[in-house]
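Peer 1: The structure's right below; bear with me while I get my questions together.
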Amino acid sequence: MQQEPFSSIEDFIFNATFRSWLLDNNSVHKEYWENWIIENPDKVPVLNYAKAIVYALTVNHKQISEAEIENEIKLIIRKTDAAKHVEEKAKESPSLKRSMKPAYKKFAMAASVIGISVLSIIYFKSKSPKQTSQADFYQLPSVNSSSIIEQSNNSDSIQLVTLFDGSMVQLHPKSKLSFSHGSFSKKREVYLTGEAFFDVKKNPSVPFVVYTKDLVTKVLGTTFNVEAYPHENKASVKVRTGRVSVYRKENFSDKNTVANKLDGLIVIPNQQVVYDVVNHQLRKTIIDEPVVLAANPRGTFVFNSTPLKEVFKRLQHTYGITIIYDESVISSCSLSASMGDENFYEKLELICKAINASYESIDGTIFISSQGCS
Amino acid sequence: MLNDCKELDMEDLWVLFRTGNQSAFEKIIKSHYQILLNYGTRICKDDELIKDTLQDLFFSLWQNRLGISDTMSVKNYLLKSLRRKLLREIHKNKQTTHLRELHFDAGFNMVLPVDHNVILQEKLTELSFKVREVLEKLSPRQQEVIYLRFYMDANLDEIAEIMELSLQSVYNLLHEALKRFKGLSSPDYFSVSFSLLLFLAFSV
């Protein structure tokens, strides 16, 4: 360091120790530069110029922790591993190699691909609406049959599938996902049998659609779980983040999604749609164990003569669940209570007990009936 | 496996990575992640989008490793790819054409000098404010040139490569920026001409 001339502003401002001395209070270079000034009085004006410029050019750089970087690296490696898997599978199966090779160069993203038989291609080609009900395997509408990818999870653990748009799917055991890569950039459509959790990449211009035997779930970019096992008498869609629209399949048409809006249900986090296969009924409810949604929950659940309105507001903010009550009736009520780890329903019950009220859950919303407090 | 060869420099890592060495790949990501994030946050305010884009970037880097040349600086190559990918993402989400203009906010955040010499502190503050005022009036592209010069230690050739501009355009951007600085009068306290020194700082 000693031999550096430091004659121009540039020499200073591009010197890491110089910048560190100015901007970091605990810099180890403090002593060096303080001595340097004493030894080089003639260069102090230039140094001061450099100082002013470094101060003026300071920017905010958010530091990311080592652990966060490691985590990001893990995600990237997981993705490349998944792609490797596809390459290996493609090598193992010669029939697959022929159909997949040009495609995986471009899109090698699916976690693993189980062989596509000629039979299933024929199946896809012969599309008739009646067929969907007799098989466990659902057909993709308007699909280029040469490029169907079918992913089955026959293992005991959840399998991660990355789709061509970067969306991630956690495919549960005994579940099957199929999609076409030919048209994925124009239409993001997948068919599911069984259960999967979707983490969909946001793309407002291309909605992402999950078809199951009875339901159609349409999203723009969000995370949610779809459950539709072939021999169960109900199917469900649970939302983790964002919002999704769920339609009964017979009411969903690709051309005319707007007109059918009335028939669909919008589901938000902590809500689910349950389809009763026997009665063909679509019902919206709150999930059994609502999770805390607020990024930073406002305050704790410790109340000291707090007006009930405030209590409900906090509950609503924390879980994102709408609570409806008659404001004039409960205006006389207040609550003193301290709650901790209780879940949503336990908290709700405690509150209702304290003010002698009751609640009902209808359509994913909580309705409070109260006689008021005296 | 690479643990005992810490001396490996970036070029060697790059060669190893291209032969499919995963730990070299991880080291490349690790040593560039922070600066890529820094640069990304100047172009777009959505941290999640930047992280997603970085994931994509490294993923496709791995996929295409066989077709990547070894001639360029790894850092500049990554900065350029990130810039290109982020702009594409941003354009995808904005349909209107007038928003296609590059958004770059260097986020200059002046630190006020502290000096035990009160007069010097005052002069430094005055000068820093003046520099800052000029910086704020610079166009996004001009800010980007200055940012790359200062925070990525890129010379003009490298800036041209990262921003995918001709060297002449980078010169022009810088020249325009420097003209604005020339209008600044330097405080008497300093015996050197302000604009001259600043020019030195930028000429590479």
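Numbering starts fresh at 1 for the residues of each chain in the structure tokens, the chains themselves are lettered A, B, ... in the order given, and ligands are numbered from 1 as they appear.
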Compile the contact shell of Cys352 in chain A as number ranges by chain: residues with an atom at most 12 Å away, counting only C-alpha atoms, same-chain residues fewer than 5 positions apart removed.
Peer 2: A: 308, 311-312, 325, 330, 333-335, 337, 345-347, 357-360, 366-373
Peer 1: Please provide the set of residues having any atom within 8 Å of Trp14 in chain B, restricted to only C-alpha atoms, with same-chain residues fewer than 2 positions apart removed, written as a PyMOL selection string.
Peer 2: chain B and resi 10-12+16-18+24-25+28+70+74
Peer 1: For those residues, write N, CA and C atoms to a file as a PDB file, in the first residue's frame.
Peer 2:
```
ATOM      1  N   MET B  10     -10.934 -16.603 -10.281  1.00  0.00           N
ATOM      2  CA  MET B  10     -12.220 -16.697 -10.948  1.00  0.00           C
ATOM      3  C   MET B  10     -12.108 -17.373 -12.320  1.00  0.00           C
ATOM      4  N   GLU B  11     -11.020 -17.079 -13.028  1.00  0.00           N
ATOM      5  CA  GLU B  11     -10.872 -17.673 -14.363  1.00  0.00           C
ATOM      6  C   GLU B  11     -10.809 -19.196 -14.292  1.00  0.00           C
ATOM      7  N   ASP B  12     -10.053 -19.683 -13.298  1.00  0.00           N
ATOM      8  CA  ASP B  12      -9.946 -21.130 -13.144  1.00  0.00           C
ATOM      9  C   ASP B  12     -11.296 -21.729 -12.777  1.00  0.00           C
ATOM     10  N   LEU B  16     -13.443 -24.605 -14.696  1.00  0.00           N
ATOM     11  CA  LEU B  16     -13.932 -25.794 -14.009  1.00  0.00           C
ATOM     12  C   LEU B  16     -15.450 -25.903 -14.115  1.00  0.00           C
ATOM     13  N   PHE B  17     -16.097 -24.770 -13.885  1.00  0.00           N
ATOM     14  CA  PHE B  17     -17.562 -24.742 -13.951  1.00  0.00           C
ATOM     15  C   PHE B  17     -18.042 -25.214 -15.317  1.00  0.00           C
ATOM     16  N   ARG B  18     -17.349 -24.785 -16.366  1.00  0.00           N
ATOM     17  CA  ARG B  18     -17.804 -25.152 -17.707  1.00  0.00           C
ATOM     18  C   ARG B  18     -17.611 -26.630 -18.012  1.00  0.00           C
ATOM     19  N   ALA B  24     -17.400 -25.589  -8.201  1.00  0.00           N
ATOM     20  CA  ALA B  24     -16.906 -24.355  -8.821  1.00  0.00           C
ATOM     21  C   ALA B  24     -18.087 -23.433  -9.124  1.00  0.00           C
ATOM     22  N   PHE B  25     -19.155 -24.031  -9.602  1.00  0.00           N
ATOM     23  CA  PHE B  25     -20.368 -23.278  -9.911  1.00  0.00           C
ATOM     24  C   PHE B  25     -20.889 -22.578  -8.649  1.00  0.00           C
ATOM     25  N   ILE B  28     -18.806 -19.645  -7.735  1.00  0.00           N
ATOM     26  CA  ILE B  28     -19.041 -18.496  -8.616  1.00  0.00           C
ATOM     27  C   ILE B  28     -20.294 -17.746  -8.151  1.00  0.00           C
ATOM     28  N   ASP B  70     -14.813 -18.337 -22.788  1.00  0.00           N
ATOM     29  CA  ASP B  70     -14.040 -18.060 -21.582  1.00  0.00           C
ATOM     30  C   ASP B  70     -13.304 -16.732 -21.662  1.00  0.00           C
ATOM     31  N   VAL B  74     -15.906 -12.719 -15.759  1.00  0.00           N
ATOM     32  CA  VAL B  74     -17.068 -13.403 -15.210  1.00  0.00           C
ATOM     33  C   VAL B  74     -18.047 -12.398 -14.616  1.00  0.00           C
TER      34      VAL B  74
END
```
Peer 1: Return the neighbours of chain B among the residues of chain A, cut-off 10 Å, counting only C-alpha atoms, as a ChimeraX atom specification.
Peer 2: /A:8-14,22-23,44-46,48-66,69-70,72-81,83-84,105-109,166,201-205
Peer 1: Please list as a list in words every residue within 9 Å of Tyr319 in chain A, counting only C-alpha atoms and excluding residues in the same chain fewer than 5 positions away.
Peer 2: Pro269, Asn270, Pro290, Val291, Val292, Leu293, Ala294, Arg314 and Phe344 of chain A
Peer 1: Which polymer residues have any atom within 6 Å of an atom of Thr212 in chain A, counting only C-alpha atoms, with same-chain residues fewer than 2 positions away left out, as a list in words?
Peer 2: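 Skipping anything fewer than 2 positions along the chain leaves Tyr191, Leu192, Asp214 and Leu215 of chain A.
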Peer 1: Under the rule that only C-alpha atoms are counted, which of B:Leu79, B:Ile43, B:Ile90, B:Val15 is the nearest residue to Met163 in chain B?
Peer 2: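 Distance minimum relative to Met163 in chain B lands on B:Leu79.
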Peer 1: Compile the contact shell of range 230-243 of chain A as a ChimeraX atom specification: residues with an atom at most 9 Å away, counting only C-alpha atoms, same-chain residues fewer than 3 positions apart removed.
Peer 2: /A:135-137,193-194,212-215,217,219-227,246,266-278,287,291,293
Peer 1: Please give the complete set of residues from range 77-177 of chain B that DSSP, run on the backbone, assigns to alpha helix (DSSP H), formatted as number ranges by chain.
Peer 2: B: 77-93, 118-137, 140-151, 156-163, 167-177
Peer 1: Could you pull out the residues in range 316-352 of chain A that DSSP calls strand (DSSP E or B) from the backbone, as a PDB file with all heavy atoms, in the first residue's frame?
Peer 2:
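Writing the result to result-v7.pdb gives the following:
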```pdb
ATOM      1  N   ILE A 323     -64.360 -10.617   9.340  1.00  0.00           N
ATOM      2  CA  ILE A 323     -65.265 -10.836  10.460  1.00  0.00           C
ATOM      3  C   ILE A 323     -66.366  -9.788  10.382  1.00  0.00           C
ATOM      4  O   ILE A 323     -66.088  -8.589  10.331  1.00  0.00           O
ATOM      5  CB  ILE A 323     -64.516 -10.730  11.812  1.00  0.00           C
ATOM      6  CG1 ILE A 323     -63.389 -11.770  11.852  1.00  0.00           C
ATOM      7  CG2 ILE A 323     -65.466 -10.900  12.996  1.00  0.00           C
ATOM      8  CD1 ILE A 323     -62.465 -11.645  13.041  1.00  0.00           C
ATOM      9  N   ILE A 324     -67.611 -10.248  10.354  1.00  0.00           N
ATOM     10  CA  ILE A 324     -68.717  -9.314  10.201  1.00  0.00           C
ATOM     11  C   ILE A 324     -69.541  -9.283  11.490  1.00  0.00           C
ATOM     12  O   ILE A 324     -69.836 -10.331  12.072  1.00  0.00           O
ATOM     13  CB  ILE A 324     -69.578  -9.703   8.974  1.00  0.00           C
ATOM     14  CG1 ILE A 324     -68.729  -9.445   7.720  1.00  0.00           C
ATOM     15  CG2 ILE A 324     -70.875  -8.912   8.933  1.00  0.00           C
ATOM     16  CD1 ILE A 324     -69.368  -9.877   6.448  1.00  0.00           C
ATOM     17  N   SER A 334     -66.150  -4.389  25.621  1.00  0.00           N
ATOM     18  CA  SER A 334     -64.698  -4.292  25.602  1.00  0.00           C
ATOM     19  C   SER A 334     -64.135  -5.578  26.179  1.00  0.00           C
ATOM     20  O   SER A 334     -64.851  -6.357  26.801  1.00  0.00           O
ATOM     21  CB  SER A 334     -64.222  -3.079  26.392  1.00  0.00           C
ATOM     22  OG  SER A 334     -64.560  -3.259  27.743  1.00  0.00           O
ATOM     23  N   LEU A 335     -62.844  -5.814  25.958  1.00  0.00           N
ATOM     24  CA  LEU A 335     -62.250  -7.089  26.336  1.00  0.00           C
ATOM     25  C   LEU A 335     -60.942  -6.891  27.072  1.00  0.00           C
ATOM     26  O   LEU A 335     -60.108  -6.083  26.670  1.00  0.00           O
ATOM     27  CB  LEU A 335     -61.999  -7.935  25.076  1.00  0.00           C
ATOM     28  CG  LEU A 335     -61.466  -9.347  25.306  1.00  0.00           C
ATOM     29  CD1 LEU A 335     -62.557 -10.256  25.847  1.00  0.00           C
ATOM     30  CD2 LEU A 335     -60.907  -9.914  24.015  1.00  0.00           C
ATOM     31  N   SER A 336     -60.791  -7.632  28.197  1.00  0.00           N
ATOM     32  CA  SER A 336     -59.492  -7.707  28.856  1.00  0.00           C
ATOM     33  C   SER A 336     -59.095  -9.170  28.843  1.00  0.00           C
ATOM     34  O   SER A 336     -59.738  -9.991  29.478  1.00  0.00           O
ATOM     35  CB  SER A 336     -59.569  -7.209  30.295  1.00  0.00           C
ATOM     36  OG  SER A 336     -59.896  -5.838  30.307  1.00  0.00           O
ATOM     37  N   ALA A 337     -58.077  -9.490  28.098  1.00  0.00           N
ATOM     38  CA  ALA A 337     -57.668 -10.891  27.990  1.00  0.00           C
ATOM     39  C   ALA A 337     -56.258 -10.927  27.435  1.00  0.00           C
ATOM     40  O   ALA A 337     -55.793  -9.978  26.817  1.00  0.00           O
ATOM     41  CB  ALA A 337     -58.596 -11.654  27.057  1.00  0.00           C
ATOM     42  N   SER A 338     -55.586 -12.044  27.691  1.00  0.00           N
ATOM     43  CA  SER A 338     -54.241 -12.196  27.180  1.00  0.00           C
ATOM     44  C   SER A 338     -54.157 -13.542  26.483  1.00  0.00           C
ATOM     45  O   SER A 338     -54.347 -14.577  27.097  1.00  0.00           O
ATOM     46  CB  SER A 338     -53.267 -12.091  28.353  1.00  0.00           C
ATOM     47  OG  SER A 338     -52.108 -12.777  28.063  1.00  0.00           O
ATOM     48  N   MET A 339     -53.943 -13.502  25.175  1.00  0.00           N
ATOM     49  CA  MET A 339     -53.909 -14.748  24.412  1.00  0.00           C
ATOM     50  C   MET A 339     -52.533 -14.922  23.804  1.00  0.00           C
ATOM     51  O   MET A 339     -51.844 -13.960  23.495  1.00  0.00           O
ATOM     52  CB  MET A 339     -54.964 -14.717  23.323  1.00  0.00           C
ATOM     53  CG  MET A 339     -56.370 -14.850  23.872  1.00  0.00           C
ATOM     54  SD  MET A 339     -57.586 -14.757  22.571  1.00  0.00           S
ATOM     55  CE  MET A 339     -58.142 -13.095  22.795  1.00  0.00           C
TER      56      MET A 339
END
```
